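Shown next: data08.txt, containing compact mmCIF, C-alpha atoms.
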# COMPACT_ATOMS: atom_id res chain seq x y z
CA MET A 1 124.05 28.53 110.81
CA LYS A 2 124.49 31.18 113.49
CA ASN A 3 122.24 34.11 112.60
CA LEU A 4 123.54 36.51 115.24
CA THR A 5 127.32 36.16 115.11
CA ASP A 6 129.07 39.21 116.56
CA LYS A 7 125.79 40.84 117.61
CA THR A 8 125.38 42.25 121.12
CA ALA A 9 122.10 41.65 122.92
CA LEU A 10 120.81 43.09 126.19
CA VAL A 11 118.10 41.01 127.84
CA THR A 12 116.42 42.57 130.86
CA GLY A 13 115.52 40.27 133.72
CA SER A 14 117.63 37.46 132.29
CA SER A 15 118.92 35.73 135.41
CA ARG A 16 116.11 33.17 135.29
CA GLY A 17 112.80 32.22 133.71
CA LEU A 18 111.96 33.52 130.27
CA GLY A 19 114.91 35.90 130.26
CA ARG A 20 117.36 33.09 130.87
CA GLY A 21 115.90 31.04 128.04
CA ILE A 22 116.05 34.04 125.71
CA ALA A 23 119.64 34.88 126.61
CA LEU A 24 120.80 31.32 126.00
CA ALA A 25 118.96 31.04 122.67
CA LEU A 26 120.51 34.29 121.43
CA ALA A 27 123.96 33.12 122.54
CA GLU A 28 123.46 29.84 120.66
CA GLN A 29 122.91 31.94 117.55
CA GLY A 30 126.22 33.74 118.11
CA ALA A 31 125.30 36.83 120.13
CA ASP A 32 127.21 38.28 123.07
CA ILE A 33 124.86 38.87 126.00
CA VAL A 34 124.35 41.55 128.63
CA VAL A 35 122.62 39.67 131.46
CA ASN A 36 120.57 42.11 133.49
CA TYR A 37 119.29 41.19 136.93
CA ARG A 38 117.86 42.99 139.93
CA SER A 39 118.74 40.73 142.86
CA ALA A 40 119.54 37.19 141.64
CA GLU A 41 123.31 37.63 141.30
CA LYS A 42 124.14 33.93 141.59
CA GLU A 43 121.69 32.96 138.88
CA ALA A 44 122.89 35.80 136.62
CA ASN A 45 126.48 34.58 136.92
CA GLU A 46 125.34 31.05 136.06
CA VAL A 47 123.69 32.35 132.88
CA CYS A 48 126.90 34.19 132.01
CA ASP A 49 128.90 31.00 132.54
CA ALA A 50 126.56 29.15 130.18
CA VAL A 51 126.92 31.87 127.55
CA ARG A 52 130.73 31.82 127.82
CA ALA A 53 130.70 28.03 127.49
CA MET A 54 129.25 28.60 124.01
CA GLY A 55 132.23 30.76 123.12
CA ARG A 56 130.40 34.06 123.47
CA ARG A 57 131.06 37.04 125.75
CA ALA A 58 128.75 37.79 128.68
CA LEU A 59 128.39 40.69 131.10
CA PRO A 60 126.22 40.52 134.24
CA VAL A 61 124.81 43.92 135.22
CA GLN A 62 122.75 44.56 138.34
CA ALA A 63 120.14 47.25 137.70
CA ASP A 64 116.56 48.03 138.59
CA VAL A 65 115.14 48.77 135.14
CA SER A 66 112.01 50.34 136.58
CA THR A 67 114.12 53.39 137.51
CA LYS A 68 115.71 56.04 135.29
CA ASP A 69 119.08 55.83 137.04
CA GLY A 70 119.09 52.05 136.95
CA VAL A 71 118.52 51.98 133.20
CA ALA A 72 121.11 54.68 132.55
CA GLY A 73 123.70 52.68 134.49
CA LEU A 74 122.78 49.45 132.70
CA PHE A 75 123.22 50.89 129.23
CA ALA A 76 126.40 52.71 130.20
CA ALA A 77 127.91 49.43 131.41
CA ALA A 78 126.82 47.62 128.23
CA MET A 79 128.33 50.26 125.96
CA GLU A 80 131.54 50.45 127.96
CA GLU A 81 132.02 46.69 127.64
CA PHE A 82 130.85 46.09 124.05
CA GLY A 83 130.80 49.50 122.39
CA LYS A 84 127.53 48.76 120.57
CA LEU A 85 124.05 47.37 121.02
CA ASP A 86 122.29 45.40 118.29
CA ILE A 87 119.41 43.82 120.20
CA LEU A 88 117.27 44.82 123.18
CA VAL A 89 114.81 42.36 124.68
CA ASN A 90 112.37 43.98 127.10
CA ASN A 91 111.71 40.93 129.22
CA ALA A 92 111.82 42.15 132.85
CA GLY A 93 108.43 41.71 134.43
CA THR A 94 106.42 40.33 137.30
CA THR A 95 102.87 39.97 138.55
CA ARG A 96 100.87 39.55 141.73
CA SER A 97 97.96 37.18 142.11
CA GLN A 98 95.33 39.86 142.69
CA ASP A 99 92.05 40.83 141.10
CA ILE A 100 90.53 44.33 141.04
CA PHE A 101 89.12 43.89 144.55
CA GLU A 102 92.45 42.89 146.09
CA ALA A 103 94.87 45.13 144.19
CA GLU A 104 95.73 48.47 145.77
CA LEU A 105 97.20 51.50 144.05
CA GLU A 106 100.66 50.56 145.34
CA ASP A 107 100.36 47.13 143.69
CA TRP A 108 99.23 48.70 140.41
CA GLU A 109 102.08 51.20 140.38
CA PHE A 110 104.68 48.54 141.18
CA ILE A 111 103.58 46.26 138.34
CA VAL A 112 103.31 49.14 135.87
CA ARG A 113 106.81 50.39 136.76
CA THR A 114 108.33 46.91 136.58
CA ASN A 115 106.68 45.78 133.35
CA LEU A 116 105.81 48.85 131.28
CA THR A 117 107.87 51.80 132.51
CA SER A 118 111.00 49.66 132.29
CA SER A 119 110.23 48.89 128.65
CA PHE A 120 109.83 52.59 127.87
CA LEU A 121 113.07 53.56 129.60
CA CYS A 122 115.10 50.76 128.02
CA SER A 123 113.63 51.30 124.56
CA LYS A 124 114.44 55.00 124.73
CA HIS A 125 118.11 54.31 125.47
CA ALA A 126 118.30 51.53 122.90
CA MET A 127 116.70 53.54 120.12
CA GLU A 128 119.09 56.42 120.69
CA ILE A 129 122.05 54.05 120.38
CA MET A 130 120.60 52.18 117.41
CA ARG A 131 119.71 55.41 115.61
CA ASP A 132 123.36 56.45 115.74
CA GLN A 133 124.50 52.96 114.69
CA GLY A 134 122.10 52.79 111.74
CA GLY A 135 119.83 50.01 112.96
CA GLY A 136 118.93 47.37 115.52
CA ARG A 137 116.23 45.06 116.85
CA ILE A 138 113.93 45.58 119.84
CA VAL A 139 111.67 42.83 121.14
CA PHE A 140 109.01 43.15 123.83
CA ILE A 141 107.97 40.06 125.78
CA SER A 142 104.25 40.59 126.17
CA SER A 143 101.70 37.86 126.94
CA ILE A 144 98.58 36.11 125.78
CA VAL A 145 96.76 37.95 128.59
CA GLY A 146 97.44 41.26 126.83
CA GLN A 147 95.32 39.98 123.95
CA ARG A 148 92.44 38.27 125.71
CA GLY A 149 92.69 39.40 129.33
CA ALA A 150 93.78 37.39 132.34
CA LEU A 151 91.51 34.56 133.44
CA TYR A 152 92.06 34.76 137.19
CA GLY A 153 92.67 38.34 138.26
CA HIS A 154 96.12 39.82 137.54
CA VAL A 155 94.44 43.02 136.38
CA HIS A 156 97.62 45.12 136.55
CA TYR A 157 99.70 42.51 134.72
CA ALA A 158 97.19 42.21 131.88
CA ALA A 159 97.03 45.98 131.54
CA THR A 160 100.81 46.28 131.21
CA LYS A 161 101.04 43.49 128.67
CA GLY A 162 98.23 45.00 126.61
CA GLY A 163 99.92 48.40 126.81
CA MET A 164 103.05 46.96 125.25
CA TYR A 165 101.27 46.44 121.93
CA GLY A 166 100.58 50.15 121.56
CA MET A 167 104.21 50.93 122.31
CA VAL A 168 105.46 48.29 119.87
CA LYS A 169 103.39 49.62 116.96
CA THR A 170 104.32 53.22 117.67
CA LEU A 171 108.04 52.53 118.05
CA ALA A 172 107.97 50.37 114.92
CA ARG A 173 106.81 53.38 112.91
CA THR A 174 109.40 55.61 114.56
CA GLY A 175 112.19 53.10 114.09
CA ALA A 176 111.55 51.94 110.52
CA PRO A 177 113.26 54.90 108.79
CA LEU A 178 116.21 54.38 111.16
CA GLY A 179 116.65 50.69 110.38
CA ILE A 180 115.21 49.64 113.75
CA THR A 181 112.58 46.90 113.92
CA VAL A 182 110.30 46.60 116.95
CA ASN A 183 108.21 43.51 117.61
CA ALA A 184 106.48 41.60 120.39
CA ILE A 185 106.41 37.97 121.40
CA ALA A 186 103.23 36.85 123.16
CA PRO A 187 103.88 33.72 125.23
CA GLY A 188 101.11 31.51 126.48
CA ILE A 189 101.60 29.34 129.54
CA ILE A 190 105.33 28.77 129.95
CA GLU A 191 106.92 26.71 132.71
CA THR A 192 108.84 29.20 134.84
CA GLU A 193 109.47 29.88 138.51
CA LEU A 194 107.14 32.89 138.35
CA LEU A 195 104.27 30.78 137.01
CA THR A 196 104.60 28.37 139.92
CA GLN A 197 104.81 31.18 142.46
CA THR A 198 101.77 33.06 141.21
CA HIS A 199 99.45 30.23 140.14
CA GLY A 200 100.38 27.10 142.09
CA GLU A 201 100.52 23.53 140.81
CA ALA A 202 96.78 22.88 140.85
CA GLU A 203 95.94 25.95 138.78
CA ILE A 204 98.83 25.26 136.39
CA GLN A 205 97.48 21.77 135.72
CA LYS A 206 94.06 23.24 135.10
CA LEU A 207 95.49 25.76 132.66
CA SER A 208 97.66 23.16 130.93
CA ALA A 209 94.64 21.02 130.14
CA SER A 210 93.23 23.89 128.08
CA VAL A 211 96.30 24.16 125.82
CA PRO A 212 96.34 21.93 122.70
CA LEU A 213 100.14 21.54 122.80
CA GLY A 214 100.42 21.62 126.60
CA LEU A 215 102.76 23.89 128.53
CA GLY A 216 105.60 25.61 126.71
CA ASN A 217 109.17 26.07 127.88
CA THR A 218 111.53 29.02 127.94
CA ARG A 219 113.47 27.79 124.93
CA ASP A 220 110.30 28.06 122.82
CA ILE A 221 110.25 31.77 123.57
CA GLY A 222 114.00 32.17 123.12
CA LEU A 223 113.90 30.67 119.64
CA ALA A 224 111.06 33.00 118.62
CA VAL A 225 113.06 36.00 119.81
CA ALA A 226 116.15 34.75 117.95
CA TYR A 227 114.10 34.47 114.77
CA VAL A 228 112.87 38.07 114.74
CA CYS A 229 116.35 39.29 115.70
CA GLY A 230 117.99 37.35 112.87
CA GLU A 231 117.77 37.45 109.09
CA GLY A 232 114.22 36.11 109.16
CA GLY A 233 113.05 39.23 110.98
CA ARG A 234 114.45 41.74 108.48
CA TYR A 235 111.01 42.59 107.05
CA ILE A 236 108.96 42.12 110.23
CA THR A 237 108.14 45.12 112.41
CA GLY A 238 105.20 46.25 114.52
CA SER A 239 104.08 42.63 114.73
CA THR A 240 103.25 40.18 117.49
CA ILE A 241 104.26 36.54 117.24
CA ASP A 242 102.03 34.23 119.26
CA VAL A 243 103.87 31.40 121.00
CA ASN A 244 101.03 29.84 122.96
CA GLY A 245 100.64 26.21 121.89
CA GLY A 246 97.28 26.91 120.27
CA MET A 247 95.73 28.25 123.47
CA TYR A 248 94.54 31.42 121.75
CA LEU A 249 93.93 31.59 118.01
CA ARG A 250 93.30 34.87 116.24

Would you kindly transcribe this structure into structure tokens?
Amino acid sequence: MKNLTDKTALVTGSSRGLGRGIALALAEQGADIVVNYRSAEKEANEVCDAVRAMGRRALPVQADVSTKDGVAGLFAAAMEEFGKLDILVNNAGTTRSQDIFEAELEDWEFIVRTNLTSSFLCSKHAMEIMRDQGGGRIVFISSIVGQRGALYGHVHYAATKGGMYGMVKTLARTGAPLGITVNAIAPGIIETELLTQTHGEAEIQKLSASVPLGLGNTRDIGLAVAYVCGEGGRYITGSTIDVNGGMYLR
């Protein structure tokens, strides 16, 4: 059964990695997808082709979601094409392999803008649309490091992912009377291009050995997002779903 038939979903940073897996999982469940990307146009078009092959509509939109103008343009394009927005997934994010001694203020500000400011800007636009529509679903892609801290530096990344939880709980309270649910997904170690770039094969193998179920894949995260955006998520808000293979139990 397709839980999300005729829903429109906007997934930030969905040209590759986690975002790609999320976009495809939502499309499998029947949603039309706005594929946001910053620079990977070829990959974004490939995701759109995959979505259309499932019989769903897809719109690639280039936008830097860490900027006010970029977000305004993204949502304007989405509304012009689809006329509504049912789901927002705040997925856009990055990191740099730096600890507190290596990270400079410029690094900190870049990661905060990319990961956390983008989520604020996109959520603001989405909640305004969803308030007028009478409801919607917002999902933040946080991380296990927001719960327990990063193991090998990444101080700015961990801070942004931890900060998401405060935003999720606050927006969940704001959105509940409006029919808007707001939740977070907290991935563990997922096989993506970014993981390879920032950790390297040797460190990934070391991390994988510490996970009871081994490394996860992007579809694991996509299916979790689809669940909270579908009928199963009707009575879930302000919550975090851990998808970490048993790496962190709480």

Which protein, DNA or RNA residues are at most 12 Å from (112.3, 28.3, 121.9) in the file's coordinates when you count all atoms listed in the file, listed as a JSON list (two decimals) with C-alpha atoms, in the frame of the given file?
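In the end it all went to selection.json:
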[["chain", "number", "residue", "atom", "x", "y", "z"],
["A", 18, "LEU", "CA", 111.96, 33.52, 130.27],
["A", 19, "GLY", "CA", 114.91, 35.90, 130.26],
["A", 20, "ARG", "CA", 117.36, 33.09, 130.87],
["A", 21, "GLY", "CA", 115.90, 31.04, 128.04],
["A", 22, "ILE", "CA", 116.05, 34.04, 125.71],
["A", 23, "ALA", "CA", 119.64, 34.88, 126.61],
["A", 24, "LEU", "CA", 120.80, 31.32, 126.00],
["A", 25, "ALA", "CA", 118.96, 31.04, 122.67],
["A", 26, "LEU", "CA", 120.51, 34.29, 121.43],
["A", 28, "GLU", "CA", 123.46, 29.84, 120.66],
["A", 185, "ILE", "CA", 106.41, 37.97, 121.40],
["A", 187, "PRO", "CA", 103.88, 33.72, 125.23],
["A", 190, "ILE", "CA", 105.33, 28.77, 129.95],
["A", 216, "GLY", "CA", 105.60, 25.61, 126.71],
["A", 217, "ASN", "CA", 109.17, 26.07, 127.88],
["A", 218, "THR", "CA", 111.53, 29.02, 127.94],
["A", 219, "ARG", "CA", 113.47, 27.79, 124.93],
["A", 220, "ASP", "CA", 110.30, 28.06, 122.82],
["A", 221, "ILE", "CA", 110.25, 31.77, 123.57],
["A", 222, "GLY", "CA", 114.00, 32.17, 123.12],
["A", 223, "LEU", "CA", 113.90, 30.67, 119.64],
["A", 224, "ALA", "CA", 111.06, 33.00, 118.62],
["A", 225, "VAL", "CA", 113.06, 36.00, 119.81],
["A", 226, "ALA", "CA", 116.15, 34.75, 117.95],
["A", 227, "TYR", "CA", 114.10, 34.47, 114.77],
["A", 243, "VAL", "CA", 103.87, 31.40, 121.00],
["A", 244, "ASN", "CA", 101.03, 29.84, 122.96],
["A", 245, "GLY", "CA", 100.64, 26.21, 121.89]]

Inset, instruction - Quick one: pull the distance between CA of Ala186 (chain A) and CA of Ile144 (chain A), Å, one decimal. - result: 5.4 Å

Legend entry - Pro60 (chain A) surroundings by only C-alpha atoms, 12 Å radius, close-in-sequence under 4 positions cut, as a PyMOL selection string: chain A and resi 10-15+23+32-49+51-52+74-75+77-78+81

Inset, instruction - Give as a PyMOL selection string each residue that has an atom at most 12 Å from (84.1, 35.2, 138.6) in the file, counting all atoms listed in the file. - result: chain A and resi 99-101+150-153

Take the residues that were just selected and, keeping C-alpha atoms, output them as a PDB file, keeping the file's coordinate frame.
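Result file selection_3.pdb:
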ATOM      1  CA  ASP A  99      92.050  40.830 141.100  1.00  0.00           C
ATOM      2  CA  ILE A 100      90.530  44.330 141.040  1.00  0.00           C
ATOM      3  CA  PHE A 101      89.120  43.890 144.550  1.00  0.00           C
ATOM      4  CA  ALA A 150      93.780  37.390 132.340  1.00  0.00           C
ATOM      5  CA  LEU A 151      91.510  34.560 133.440  1.00  0.00           C
ATOM      6  CA  TYR A 152      92.060  34.760 137.190  1.00  0.00           C
ATOM      7  CA  GLY A 153      92.670  38.340 138.260  1.00  0.00           C
TER       8      GLY A 153
END

Inset, instruction - Take CA of Asp107 (chain A) and CA of Ala202 (chain A) and report the distance between them in Å, one decimal. - result: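 CA of Asp107 (chain A) sits 24.7 Å away from CA of Ala202 (chain A).
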
Any idea what's packed within 10 Å of region 89-95 of chain A, counting all atoms listed in the file, ignoring anything in its chain fewer than 5 positions away? Could you give it as a PDB file with C-alpha atoms, in the frame of the given file?
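The resulting file, around_9.pdb, is shown below:
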ATOM      1  CA  ALA A   9     122.100  41.650 122.920  1.00  0.00           C
ATOM      2  CA  LEU A  10     120.810  43.090 126.190  1.00  0.00           C
ATOM      3  CA  VAL A  11     118.100  41.010 127.840  1.00  0.00           C
ATOM      4  CA  THR A  12     116.420  42.570 130.860  1.00  0.00           C
ATOM      5  CA  GLY A  13     115.520  40.270 133.720  1.00  0.00           C
ATOM      6  CA  SER A  14     117.630  37.460 132.290  1.00  0.00           C
ATOM      7  CA  SER A  15     118.920  35.730 135.410  1.00  0.00           C
ATOM      8  CA  GLY A  17     112.800  32.220 133.710  1.00  0.00           C
ATOM      9  CA  LEU A  18     111.960  33.520 130.270  1.00  0.00           C
ATOM     10  CA  GLY A  19     114.910  35.900 130.260  1.00  0.00           C
ATOM     11  CA  ARG A  20     117.360  33.090 130.870  1.00  0.00           C
ATOM     12  CA  ILE A  22     116.050  34.040 125.710  1.00  0.00           C
ATOM     13  CA  ALA A  23     119.640  34.880 126.610  1.00  0.00           C
ATOM     14  CA  ASN A  36     120.570  42.110 133.490  1.00  0.00           C
ATOM     15  CA  TYR A  37     119.290  41.190 136.930  1.00  0.00           C
ATOM     16  CA  ARG A  38     117.860  42.990 139.930  1.00  0.00           C
ATOM     17  CA  ASP A  64     116.560  48.030 138.590  1.00  0.00           C
ATOM     18  CA  VAL A  65     115.140  48.770 135.140  1.00  0.00           C
ATOM     19  CA  SER A  66     112.010  50.340 136.580  1.00  0.00           C
ATOM     20  CA  ASP A 107     100.360  47.130 143.690  1.00  0.00           C
ATOM     21  CA  TRP A 108      99.230  48.700 140.410  1.00  0.00           C
ATOM     22  CA  PHE A 110     104.680  48.540 141.180  1.00  0.00           C
ATOM     23  CA  ILE A 111     103.580  46.260 138.340  1.00  0.00           C
ATOM     24  CA  VAL A 112     103.310  49.140 135.870  1.00  0.00           C
ATOM     25  CA  ARG A 113     106.810  50.390 136.760  1.00  0.00           C
ATOM     26  CA  THR A 114     108.330  46.910 136.580  1.00  0.00           C
ATOM     27  CA  ASN A 115     106.680  45.780 133.350  1.00  0.00           C
ATOM     28  CA  LEU A 116     105.810  48.850 131.280  1.00  0.00           C
ATOM     29  CA  SER A 118     111.000  49.660 132.290  1.00  0.00           C
ATOM     30  CA  SER A 119     110.230  48.890 128.650  1.00  0.00           C
ATOM     31  CA  PHE A 120     109.830  52.590 127.870  1.00  0.00           C
ATOM     32  CA  LEU A 121     113.070  53.560 129.600  1.00  0.00           C
ATOM     33  CA  CYS A 122     115.100  50.760 128.020  1.00  0.00           C
ATOM     34  CA  SER A 123     113.630  51.300 124.560  1.00  0.00           C
ATOM     35  CA  ALA A 126     118.300  51.530 122.900  1.00  0.00           C
ATOM     36  CA  ARG A 137     116.230  45.060 116.850  1.00  0.00           C
ATOM     37  CA  ILE A 138     113.930  45.580 119.840  1.00  0.00           C
ATOM     38  CA  VAL A 139     111.670  42.830 121.140  1.00  0.00           C
ATOM     39  CA  PHE A 140     109.010  43.150 123.830  1.00  0.00           C
ATOM     40  CA  ILE A 141     107.970  40.060 125.780  1.00  0.00           C
ATOM     41  CA  SER A 142     104.250  40.590 126.170  1.00  0.00           C
ATOM     42  CA  HIS A 154      96.120  39.820 137.540  1.00  0.00           C
ATOM     43  CA  VAL A 155      94.440  43.020 136.380  1.00  0.00           C
ATOM     44  CA  HIS A 156      97.620  45.120 136.550  1.00  0.00           C
ATOM     45  CA  TYR A 157      99.700  42.510 134.720  1.00  0.00           C
ATOM     46  CA  ALA A 158      97.190  42.210 131.880  1.00  0.00           C
ATOM     47  CA  THR A 160     100.810  46.280 131.210  1.00  0.00           C
ATOM     48  CA  LYS A 161     101.040  43.490 128.670  1.00  0.00           C
ATOM     49  CA  MET A 164     103.050  46.960 125.250  1.00  0.00           C
ATOM     50  CA  VAL A 182     110.300  46.600 116.950  1.00  0.00           C
ATOM     51  CA  ASN A 183     108.210  43.510 117.610  1.00  0.00           C
ATOM     52  CA  ALA A 184     106.480  41.600 120.390  1.00  0.00           C
ATOM     53  CA  ILE A 185     106.410  37.970 121.400  1.00  0.00           C
ATOM     54  CA  LEU A 194     107.140  32.890 138.350  1.00  0.00           C
ATOM     55  CA  LEU A 195     104.270  30.780 137.010  1.00  0.00           C
ATOM     56  CA  GLN A 197     104.810  31.180 142.460  1.00  0.00           C
ATOM     57  CA  THR A 198     101.770  33.060 141.210  1.00  0.00           C
ATOM     58  CA  VAL A 225     113.060  36.000 119.810  1.00  0.00           C
ATOM     59  CA  CYS A 229     116.350  39.290 115.700  1.00  0.00           C
TER      60      CYS A 229
END

As AutoDock Vina command-line options, please: the centre and edge lengths in Å, to one decimal, of an axis-aligned box enclosing every listed atom of region 61-72 of chain A with 6 Å added on each side.
--center_x 118.4 --center_y 50.0 --center_z 135.6 --size_x 24.8 --size_y 24.1 --size_z 18.0

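Take the candidates A:Ile241, A:Leu178, A:Ala53, A:Val145 and check each one against Gly163 (chain A) using all atoms listed in the file; the shortest distance goes to A:Val145.
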
Legend entry - Two-atom distance - CA of Asp86 (chain A), CA of Thr67 (chain A) (Å):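 The value is 22.4 Å.
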
Inset, instruction - Within 10 Å of Arg234 (chain A), counting all atoms listed in the file, which residues show up once you throw out same-chain ones fewer than 2 positions away? Write them as number ranges by chain, please. - result: A: 137, 179-181, 227-232, 236-237

Inset, instruction - Point out the residue among A:Thr8, A:Ser210, A:Thr240, A:Ser97 with the least atom-to-atom distance to Met79 (chain A), counting all atoms listed in the file. - result: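 Of A:Thr8, A:Ser210, A:Thr240, A:Ser97, the one nearest Met79 (chain A), counting all atoms listed in the file, is A:Thr8.
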
Inset, instruction - Would you mind telling me which residue in A:Gly136, A:Gly83, A:Gly146, A:Gly214 lies nearest to Leu4 (chain A) when using only C-alpha atoms? - result: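 Of A:Gly136, A:Gly83, A:Gly146, A:Gly214, the one nearest Leu4 (chain A) is A:Gly136, counting only C-alpha atoms.
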